[in-house]
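Colleague: The structure that follows is given in the form of structure tokens.
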Amino acid sequence: MDTKTLKKYFNEMYADNGAVREIYERYGRWLKDLPDGTLERRNAEAELLFRRLGITFAVYGEAGEAERLIPFDIVPRIFGASEWQRLELGLKQRVRALNAFLHDIYHDQEIIKAGIISAHQVLNNAQYRPEMKGVDLPNQVYAHIAGIDLVRISENDFYVLEDNLRTPSGVSYMLENRKTMMRLFPELFVKHAIEPVEHYPQMLLNTLREAAPPNVAYPVIVVMTPGSYNSAYFEHAYLASQMGVELVEGQDLFVNQQKVYMHTTEGPQQVHVIYRRVDDDFIDPRVFRPDSTLGVPGLMDAYCSGNVALANGVGTGVADDKSTYLFVPEMIRFYLGEAPILSNVPTWRLSEPEDLSYVLAHLPELVIKEVQGSGGYGMLVGPTSSKAEIEAYRLRILAEPAKFIAQPTLALSSCPTLVESGVAPRHVDLRPFVLSGKDVRIVPGGLTRVALTEGSLVVNSSQGGGTKDTWVLED
Amino acid sequence: MLSRTAENLFWMARHIERAENTARVLDVAHRTSLLPLDIEGTQAYLWYAPLNITGCADSYEVKYGLAKAETVSHYMALDPDNPTSIYSCLKLARENARTVRGAITSEMWEVINDTWLELNRLPKQMDYENFRDFFDWVKNRSHLFRGVTLGTITKDIGLSFIKLGTFLERADNTARILDVKYHILLPSLNHVGGAADYYQWGSLLKSVSAFEAYQKTYRDVISPQRVSELLIFRDDMPRSLHACMDEVEDALMAINGLSGKEARRLVGEQHAALHFGLTQDAFSEGLHEFLTDFLKNTALLSREIREAYLSRQDTTLNRQLTI
């Protein structure tokens with residue numbers, strides 16, 4: 001095994017001396033006793049299962065192959081009960097603060113008055129929606145579903161890489177990965193006490209019910225998708241069917257007298273909660289992008305009148321923006337009066353001249369991201385980029401420095417992963433899904449993404465990353 | 001149910017049924033082509049039949065010219081450019097199913113998806129002698145889909161739309177098969193009774209899986225009148241017009257709501273004509289005229305169903321809303 005990699009990066013299964021860590025002990029023993037070729041065989045089985053179930057993922061801009069499987073790795077990633085407890089507290093705390101922040105900036109803007117974050121930073125953000133000013137949402141929740149990306153640097157150091165508060169995806173992979181693992185390795189589930197995740201759809205349904213306009217006894221809930229060509233369509237359909245609600249497109253809905261209806265074979269039926277997987281920009285051509293055919297004309301009017309709930313709420317993007325990210329620890333202190341449990345990655349803002357000159361001098365060591373970007377598109381990973389790539393990126397930064405932030409290249413932890421040469425360490429991150437209704441809820445674990453290319457730190461599925469089942473062991 | 005969901009279920013079923021029927025039509029052409037033919041130019045005649053039944057003779061001629069066994073088989077089975085080829089139908093059925101995955105069972109989805117994946121593993125060009133196996137495969141996939149559907153889906157309005165799609169398509173197809181055979185292969189009624197006649201009507205019956213039923217029912221030589229009676233008026237033949245309209249009527253009656261009055265009236269009328277009609281009347285009117293009327297009425301019925309349940313035009317819905 002490559003010990004150099006082991007020293008540099010935290011390996012979650014093996015300690016530096018090569019011994020299996022306690023949490024992985026049972027798994028390690030099982031793996032050692034496994035006859036040769038068993039993993040490879042079960043891996044082929046898993047791929048067949050996924051392909052047959054049609055769990056595919058469309059990748060933008062990839063011609064020829066419209067549907068692709070996200071590679072699934074059959075080696076699980078394991079957390080101990082106490083490790084997870086701390087993460088869970090930290091995640092709930094963070095999401096509470098983010099929702100409080102969103103409520104605040106669309107109401108009294110106390111945080112701006114207190115001088116913690118500048119009015120410019122909030123109000124001039126393209127994702128700030130003035131239409132939402134003064135709109136009251138049930139439970140004051142804006143981000144009902146949050147995907148918080150975490151990376152691990154050492155035994156006890158976790159960093160929040162990014163908050164996803166718009167339409168975070170991936171939860172269907174978390175659920176399907178678990179189902180597949182239980183089918184392929186029932187013996188492992190007998191040996192370990194693993195916290196279940198299968199009740200996520202039920203938890204989501206409850207969260208959506210709680211988001212309904214008050215005084216609606218039996219809210220009609222729908223999942224709204226941009227359509228079957230969207231990359232996450234499988235997930236939209238999957239969640240709708242798991243919750244037993246309709247999967248609608250914009251064309252299925254219409255607004256009459258500030259109420260939303262769907263076209264059914266029995267005539268129009270009123271809708272009270274829309275779990276929408278369509279971005280703000282596209283939900284209502286009368287208010288946002290007029291060329292959008294994915295949305296529903298008049299939806300914002302109905303929403304602001306309180307006749308329909310949207311999950312997530314409109315205007316959450318201002319809080320998960322990479323330049324707002326910097327202020328989350330301050331938000332936690334300001335709104336909750338608590339010390340942040342999870343840390344941010346140190347970040348340079350290239351809108352600040354001092355940060356800019358430091359970053360320009362150290363491009364080959366850093367990761368540069370677009371403030372508005374997502375999914376690993378348009379980022380520069382200094383250490384793995386060529387000189388030409390770095391120089392081209394430098395020009396982009398100089399043209400509009402405020403569009404970028406920079407972070408140190410993190411030594412992401414690694415997990416054993418089945419690759420062509422056998423089981424080898426690959427870098428991972430973690431996206432747990434946090435649900436906010438009357439309470440903040442979370443299923444233990446989340447989606448582990450793994451960079452399948454040796455040495456790569458980019459785990460995004462759009463960039464060749466895979467996923468793993470994530471286990472949280474019971475005490 | 002969402003109108004769009006109903007629409008996709010309807011078309012999913014229709015496309016699967018159409019794929020099966022195209023396989024049946026081609027299968028019978030393959031069988032017939034093995035018979036000794038004594039008429040000049042019959043080969044081309046024979047291969048125009050499947051093109052005419054499915055209504056793609058014109059687009060075929062543009063691409064290939066004269067009807068030949070290999071090219072007709074390829075065009076109707078595997079050509080992605082032909083919107084009614086088996087390939088296109090299975091592709092569209094999968095698209096429909098994908099759009100409404102939440103409304104069908106995972107078993108149904110797996111059958112449709114598997115079918116599509118298997119189809120894509122087949123060679124793009126098939127040897128002529130392999131087509132028969134291919135047709136059997138298509139029929140089997142369609143049988144499997146229907147069985148899985150009935151065995152797994154909730155008996156609700158979704159199933160009603162699946163049935164509507166299946167049986168409207170099947171009725172349409174049986175009528176077309178009867179019509180084209182009558183005109184292309186049997187120009188003269190006096191010719192009835194010969195060996196060639198036996199084989200031709202025999203293969204027609206086989207194409208709709210009715211050969212054995214015919215023997216069981218009539219225990220006599222195959223005559224056009226009896227074949228027509230069997231495939232038009234008898235309600236115990238699963239592919240007869242009468243049996244199809246039974247199913248369409250049942251499905252329509254099971255759909256709740258105020259919409260669809262005209263569709264229910266139309267199907268009642270059409271069903272009554274088959275229920276009380278007589279074979280000799282159909283023949284005296286002219287079988288071709290009878291079938292043409294039937295196809296026209298079925299098209300009308302399809303349009304009514306579309307307008308009542310499936311289309312989502314704001315005008316109709318706003319009108320409903322104000323009532």
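Following the order of the structure tokens, chains are lettered A, B, ..., residues in each are numbered from 1, and ligands are numbered from 1.
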So that each row is one residue of chain B with an atom at most 9 Å from chain A, can you give its shortest atom pair and the distance in Å to one decimal, using only C-alpha atoms, rows by chain and rising number, as CSV?
Modeller:
residue,atom,partner,partner_atom,distance
B:Met1,CA,A:Thr264,CA,5.1
B:Leu2,CA,A:Thr264,CA,4.0
B:Ser3,CA,A:Thr264,CA,4.6
B:Arg4,CA,A:Asp252,CA,7.0
B:Thr5,CA,A:Thr264,CA,8.6
B:Ala6,CA,A:Thr265,CA,7.3
B:Glu95,CA,A:Ser228,CA,8.5
B:Arg98,CA,A:Ser228,CA,7.1
B:Thr99,CA,A:Ser228,CA,5.7
B:Val100,CA,A:Ala237,CA,7.7
B:Arg101,CA,A:Ala237,CA,6.3
B:Gly102,CA,A:Ser241,CA,4.7
B:Ala103,CA,A:Ser241,CA,7.5
B:Ser106,CA,A:Leu53,CA,7.6
B:Trp109,CA,A:Leu53,CA,7.7
B:Glu110,CA,A:Arg52,CA,6.0
B:Val111,CA,A:Arg52,CA,8.8
B:Asn113,CA,A:Arg52,CA,6.8
B:Asp114,CA,A:Arg52,CA,6.4
B:Leu117,CA,A:Arg52,CA,8.7
B:Ile255,CA,A:Thr265,CA,8.5
B:Asn256,CA,A:Glu266,CA,6.9
B:Gly257,CA,A:Glu266,CA,5.0
B:Leu258,CA,A:Glu266,CA,7.0
B:Ser259,CA,A:Glu266,CA,6.9
B:Ala308,CA,A:Thr265,CA,7.8
B:Tyr309,CA,A:Thr265,CA,4.9
B:Leu310,CA,A:Thr265,CA,7.0
B:Arg312,CA,A:His263,CA,6.7
B:Asp314,CA,A:Phe254,CA,8.5
B:Leu317,CA,A:Gly267,CA,6.8
B:Asn318,CA,A:Pro268,CA,8.7
B:Gln320,CA,A:Gly267,CA,6.9
B:Leu321,CA,A:Pro268,CA,6.9
Colleague: Would you kindly return, as a list in words, each protein, DNA or RNA residue with an atom no farther than 10 Å from any atom of Asp280 in chain A, considering only C-alpha atoms and excluding same-chain residues fewer than 4 positions away?
Modeller: Gln127, Arg129, Arg166, Thr167, Arg276, Asp284, Val287, Phe288, Arg289, Gly295, Met300, Asn312, Gly313, Val314, Gly315, Thr316 and Gly317 of chain A
Colleague: I need the residues from that last selection saved to file as a PDB file, in the first residue's frame (with C-alpha atoms), if you can.
Modeller:
ATOM      1  CA  GLN A 127     -29.672  35.580  -5.191  1.00  0.00           C
ATOM      2  CA  ARG A 129     -35.024  38.233  -3.842  1.00  0.00           C
ATOM      3  CA  ARG A 166     -31.576  25.653  -3.033  1.00  0.00           C
ATOM      4  CA  THR A 167     -32.410  22.256  -4.493  1.00  0.00           C
ATOM      5  CA  ARG A 276     -39.910  22.087  -6.106  1.00  0.00           C
ATOM      6  CA  ASP A 284     -42.521  31.967 -12.449  1.00  0.00           C
ATOM      7  CA  VAL A 287     -41.582  37.462 -11.910  1.00  0.00           C
ATOM      8  CA  PHE A 288     -38.267  35.862 -12.802  1.00  0.00           C
ATOM      9  CA  ARG A 289     -36.967  34.691 -16.159  1.00  0.00           C
ATOM     10  CA  GLY A 295     -42.478  27.334 -14.231  1.00  0.00           C
ATOM     11  CA  MET A 300     -45.028  33.850  -6.863  1.00  0.00           C
ATOM     12  CA  ASN A 312     -37.328  25.235  -0.455  1.00  0.00           C
ATOM     13  CA  GLY A 313     -38.561  28.787  -0.109  1.00  0.00           C
ATOM     14  CA  VAL A 314     -37.682  31.433  -2.656  1.00  0.00           C
ATOM     15  CA  GLY A 315     -34.486  33.402  -2.081  1.00  0.00           C
ATOM     16  CA  THR A 316     -32.455  30.841  -0.113  1.00  0.00           C
ATOM     17  CA  GLY A 317     -29.571  31.202  -2.554  1.00  0.00           C
TER      18      GLY A 317
END
Colleague: Go through A:Gly445, A:Leu452, A:Lys369, A:Ile74 and flag the residue nearest Thr38 in chain A, using only C-alpha atoms for the distances.
Modeller: A:Ile74
Colleague: From range 423-474 of chain A, collect each residue whose DSSP state is strand (DSSP E or B) and return the set as a PyMOL selection string.
Modeller: chain A and resi 423-431+433-436+440-442+447-451+465-473
Colleague: Do you know which residues are at most 7 Å from Thr207 in chain A counting only C-alpha atoms, after dropping those on the same chain fewer than 5 positions away, and could you put them as a PDB file with N, CA and C atoms, in the first residue's frame?
Modeller:
ATOM      1  N   LEU A 435     -33.419  18.278   7.463  1.00  0.00           N
ATOM      2  CA  LEU A 435     -34.796  18.683   7.183  1.00  0.00           C
ATOM      3  C   LEU A 435     -35.301  19.615   8.275  1.00  0.00           C
ATOM      4  N   SER A 436     -35.912  20.739   7.885  1.00  0.00           N
ATOM      5  CA  SER A 436     -36.422  21.692   8.864  1.00  0.00           C
ATOM      6  C   SER A 436     -37.906  21.915   8.683  1.00  0.00           C
ATOM      7  N   GLY A 437     -38.661  21.571   9.715  1.00  0.00           N
ATOM      8  CA  GLY A 437     -40.085  21.888   9.753  1.00  0.00           C
ATOM      9  C   GLY A 437     -40.334  22.544  11.087  1.00  0.00           C
TER      10      GLY A 437
END
Colleague: What is the distance between CA of Pro444 in chain A and CA of Val371 in chain A, in Å to one decimal?
Modeller: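 About the pair CA of Pro444 in chain A and CA of Val371 in chain A: they are 29.6 Å apart.
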Colleague: Can you tell me how far CA of Leu178 in chain B sits from CA of Leu26 in chain B, in Å to one decimal?
Modeller: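 Distance between the two atoms: 14.3 Å.
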Colleague: Please provide the set of residues having any atom within 9 Å of range 458-473 of chain A, restricted to only C-alpha atoms, with same-chain residues fewer than 4 positions apart removed, written as a PyMOL selection string.
Modeller: chain A and resi 23+57-60+70-81+83-84+173-178+180-181+192-196+375-377+381+417+427-430+444-453
Colleague: Please dump the current selection as a short mmCIF file (atom, residue, chain, number, x, y, z; two decimals), in the first residue's frame; keep N, CA and C atoms.
Modeller:
data_model
loop_
_atom_site.label_atom_id
_atom_site.label_comp_id
_atom_site.auth_asym_id
_atom_site.auth_seq_id
_atom_site.Cartn_x
_atom_site.Cartn_y
_atom_site.Cartn_z
N ILE A 23 -13.49 1.44 14.60
CA ILE A 23 -14.81 1.50 13.99
C ILE A 23 -14.92 0.52 12.81
N PHE A 57 -28.10 9.07 -14.26
CA PHE A 57 -27.79 10.44 -13.97
C PHE A 57 -27.41 11.07 -15.29
N ALA A 58 -28.08 12.12 -15.69
CA ALA A 58 -27.73 12.78 -16.95
C ALA A 58 -26.64 13.79 -16.69
N VAL A 59 -25.65 13.78 -17.54
CA VAL A 59 -24.54 14.71 -17.35
C VAL A 59 -24.62 15.79 -18.42
N TYR A 60 -24.62 17.01 -17.96
CA TYR A 60 -24.75 18.12 -18.89
C TYR A 60 -23.57 18.17 -19.85
N ILE A 70 -24.14 6.64 -11.92
CA ILE A 70 -23.13 7.14 -11.02
C ILE A 70 -22.46 5.93 -10.43
N PRO A 71 -21.14 5.82 -10.56
CA PRO A 71 -20.49 4.62 -10.05
C PRO A 71 -20.78 4.46 -8.56
N PHE A 72 -21.12 3.25 -8.19
CA PHE A 72 -21.41 2.95 -6.80
C PHE A 72 -20.28 2.09 -6.27
N ASP A 73 -19.71 2.48 -5.14
CA ASP A 73 -18.63 1.70 -4.57
C ASP A 73 -19.18 0.84 -3.44
N ILE A 74 -18.78 -0.43 -3.45
CA ILE A 74 -19.42 -1.36 -2.52
C ILE A 74 -18.70 -1.45 -1.18
N VAL A 75 -17.64 -0.67 -0.99
CA VAL A 75 -17.02 -0.64 0.33
C VAL A 75 -17.69 0.50 1.12
N PRO A 76 -18.32 0.20 2.25
CA PRO A 76 -19.05 1.24 2.96
C PRO A 76 -18.13 2.22 3.67
N ARG A 77 -18.64 3.38 3.95
CA ARG A 77 -17.91 4.33 4.78
C ARG A 77 -18.60 4.31 6.15
N ILE A 78 -17.80 4.21 7.19
CA ILE A 78 -18.38 3.95 8.51
C ILE A 78 -18.06 5.06 9.51
N PHE A 79 -19.09 5.49 10.24
CA PHE A 79 -18.91 6.44 11.35
C PHE A 79 -19.31 5.76 12.66
N GLY A 80 -18.63 6.11 13.72
CA GLY A 80 -19.01 5.63 15.04
C GLY A 80 -20.12 6.50 15.61
N ALA A 81 -20.83 5.98 16.61
CA ALA A 81 -21.97 6.68 17.18
C ALA A 81 -21.59 8.06 17.72
N GLU A 83 -18.93 9.93 17.01
CA GLU A 83 -18.50 10.81 15.91
C GLU A 83 -19.72 11.46 15.28
N TRP A 84 -20.72 10.62 15.03
CA TRP A 84 -21.90 11.11 14.34
C TRP A 84 -22.67 12.10 15.22
N TYR A 173 -29.66 8.53 -3.91
CA TYR A 173 -28.51 7.63 -3.95
C TYR A 173 -28.21 7.09 -2.56
N MET A 174 -28.38 7.97 -1.56
CA MET A 174 -28.20 7.51 -0.19
C MET A 174 -29.14 6.32 0.07
N LEU A 175 -30.40 6.46 -0.35
CA LEU A 175 -31.40 5.41 -0.09
C LEU A 175 -31.14 4.16 -0.92
N GLU A 176 -30.85 4.36 -2.19
CA GLU A 176 -30.63 3.21 -3.07
C GLU A 176 -29.33 2.48 -2.71
N ASN A 177 -28.31 3.24 -2.31
CA ASN A 177 -27.04 2.60 -1.92
C ASN A 177 -27.27 1.66 -0.75
N ARG A 178 -28.08 2.13 0.20
CA ARG A 178 -28.35 1.29 1.35
C ARG A 178 -29.10 0.02 0.94
N THR A 180 -29.13 -1.45 -1.91
CA THR A 180 -28.23 -2.33 -2.66
C THR A 180 -27.28 -3.06 -1.72
N MET A 181 -26.72 -2.34 -0.75
CA MET A 181 -25.79 -2.97 0.18
C MET A 181 -26.48 -4.07 0.98
N HIS A 192 -23.24 -5.99 12.06
CA HIS A 192 -23.15 -4.61 12.57
C HIS A 192 -24.53 -4.11 12.97
N ALA A 193 -24.59 -3.22 13.95
CA ALA A 193 -25.85 -2.52 14.23
C ALA A 193 -25.77 -1.18 13.52
N ILE A 194 -26.44 -1.10 12.37
CA ILE A 194 -26.31 0.10 11.54
C ILE A 194 -27.59 0.92 11.63
N GLU A 195 -27.44 2.20 11.89
CA GLU A 195 -28.62 3.07 11.97
C GLU A 195 -29.34 3.08 10.62
N PRO A 196 -30.66 2.91 10.62
CA PRO A 196 -31.38 2.90 9.34
C PRO A 196 -31.53 4.30 8.74
N GLY A 375 -21.62 22.23 -8.22
CA GLY A 375 -21.39 20.95 -8.89
C GLY A 375 -19.99 20.76 -9.41
N GLY A 376 -19.04 21.55 -8.91
CA GLY A 376 -17.65 21.35 -9.33
C GLY A 376 -17.36 21.89 -10.71
N TYR A 377 -18.34 22.57 -11.31
CA TYR A 377 -18.10 23.17 -12.62
C TYR A 377 -17.31 24.46 -12.44
N VAL A 381 -8.41 23.53 -9.43
CA VAL A 381 -7.70 22.86 -8.35
C VAL A 381 -6.21 23.04 -8.65
N THR A 417 -11.64 1.81 -1.26
CA THR A 417 -12.59 1.84 -2.36
C THR A 417 -12.18 0.77 -3.36
N HIS A 427 -10.29 9.58 -2.00
CA HIS A 427 -10.77 10.68 -1.18
C HIS A 427 -12.29 10.76 -1.16
N VAL A 428 -12.85 11.15 -0.03
CA VAL A 428 -14.31 11.19 0.12
C VAL A 428 -14.77 12.51 0.75
N ASP A 429 -16.02 12.83 0.54
CA ASP A 429 -16.66 13.88 1.35
C ASP A 429 -17.99 13.32 1.84
N LEU A 430 -18.81 14.15 2.44
CA LEU A 430 -20.08 13.66 2.98
C LEU A 430 -21.13 14.75 2.84
N PRO A 444 -29.35 9.48 10.13
CA PRO A 444 -27.94 9.28 10.41
C PRO A 444 -27.17 8.91 9.15
N GLY A 445 -26.16 9.67 8.86
CA GLY A 445 -25.34 9.39 7.68
C GLY A 445 -25.57 10.44 6.62
N GLY A 446 -25.73 9.99 5.41
CA GLY A 446 -25.87 10.93 4.31
C GLY A 446 -25.26 10.29 3.09
N LEU A 447 -24.94 11.11 2.12
CA LEU A 447 -24.36 10.58 0.90
C LEU A 447 -22.85 10.80 0.92
N THR A 448 -22.09 9.71 0.89
CA THR A 448 -20.64 9.84 0.76
C THR A 448 -20.29 9.84 -0.72
N ARG A 449 -19.56 10.85 -1.12
CA ARG A 449 -19.11 10.88 -2.51
C ARG A 449 -17.62 10.59 -2.53
N VAL A 450 -17.17 9.89 -3.53
CA VAL A 450 -15.79 9.45 -3.56
C VAL A 450 -15.17 9.79 -4.92
N ALA A 451 -13.96 10.34 -4.87
CA ALA A 451 -13.24 10.65 -6.11
C ALA A 451 -12.54 9.38 -6.57
N LEU A 452 -13.01 8.81 -7.66
CA LEU A 452 -12.53 7.47 -8.04
C LEU A 452 -11.13 7.49 -8.67
N THR A 453 -10.74 8.64 -9.19
CA THR A 453 -9.42 8.72 -9.80
C THR A 453 -8.38 8.86 -8.70
#
Colleague: In terms of the shortest atom-to-atom distance over only C-alpha atoms, which of B:Asn21, B:Thr174, B:Ser73, B:Thr115 is closest to Met237 in chain B?
Modeller: B:Thr174
Colleague: I'd like the neighbourhood of Tyr218 in chain B as a list in words, where a residue qualifies if any of its atoms comes within 12 Å (using only C-alpha atoms), though same-chain residues fewer than 6 positions away should be ignored.
Modeller: Ala210, Phe211, Glu212, Gln225, Arg226, Val227, Glu229 and Leu230 of chain B
Colleague: For the residues in the current selection, export C-alpha atoms as a CSV table (one decimal), in the first residue's frame.
Modeller:
chain,number,residue,atom,x,y,z
B,210,ALA,CA,-56.6,-16.9,-33.6
B,211,PHE,CA,-55.8,-20.0,-35.7
B,212,GLU,CA,-56.5,-22.5,-33.0
B,225,GLN,CA,-67.0,-14.7,-43.6
B,226,ARG,CA,-66.1,-16.9,-40.6
B,227,VAL,CA,-62.7,-15.2,-40.1
B,229,GLU,CA,-67.1,-13.1,-37.7
B,230,LEU,CA,-64.4,-14.3,-35.4
Colleague: Go through A:Val271, A:Met182, A:Ile368, A:Leu91 and flag the residue nearest Met224 in chain A, using only C-alpha atoms for the distances.
Modeller: A:Val271
Colleague: For each of A:Asp281, A:Gly18, A:Ile116, A:Gly250, take the minimum atom-to-atom distance to Tyr128 in chain A, counting only C-alpha atoms, then give the residue where this is smallest.
Modeller: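 Nearest to Tyr128 in chain A: A:Asp281.
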Colleague: Can you pull out the residues contacting Leu144 in chain B? Cut-off 10 Å, using only C-alpha atoms, and skip same-chain residues under 4 positions away; I want them as a PyMOL selection string.
Modeller: chain B and resi 108+111-112+138-140+148-150
Colleague: What does the structure give for the distance between CA of Lys179 in chain A and CA of Arg42 in chain A, in Å to one decimal?
Modeller: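 It comes out at 13.9 Å.
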Colleague: Considering only alpha helix (DSSP H) as DSSP defines it on the backbone, what residues of range 4-145 of chain B qualify? List them as a VMD selection string.
Modeller: chain B and resid 4 to 33 42 to 53 57 to 64 69 to 77 86 to 99 106 to 121 131 to 145
Colleague: Excluding same-chain residues fewer than 5 positions from Ile405 in chain A, what lies within 8 Å of it counting only C-alpha atoms, as a tab-separated table (two decimals) with C-alpha atoms, in the first residue's frame?
Modeller:
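Full text of part-v9.tsv as output:
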chain	number	residue	atom	x	y	z
A	322	LYS	CA	-19.86	31.02	-1.36
A	323	SER	CA	-19.27	34.61	-0.30
A	347	THR	CA	-11.53	31.20	2.76
A	348	TRP	CA	-10.09	34.14	0.87
A	349	ARG	CA	-12.49	36.56	-0.75
A	350	LEU	CA	-11.01	37.87	-3.94
A	368	ILE	CA	-10.48	28.62	-6.61
A	369	LYS	CA	-14.24	28.53	-6.95
A	370	GLU	CA	-16.84	30.72	-8.53
A	371	VAL	CA	-19.03	32.34	-5.91
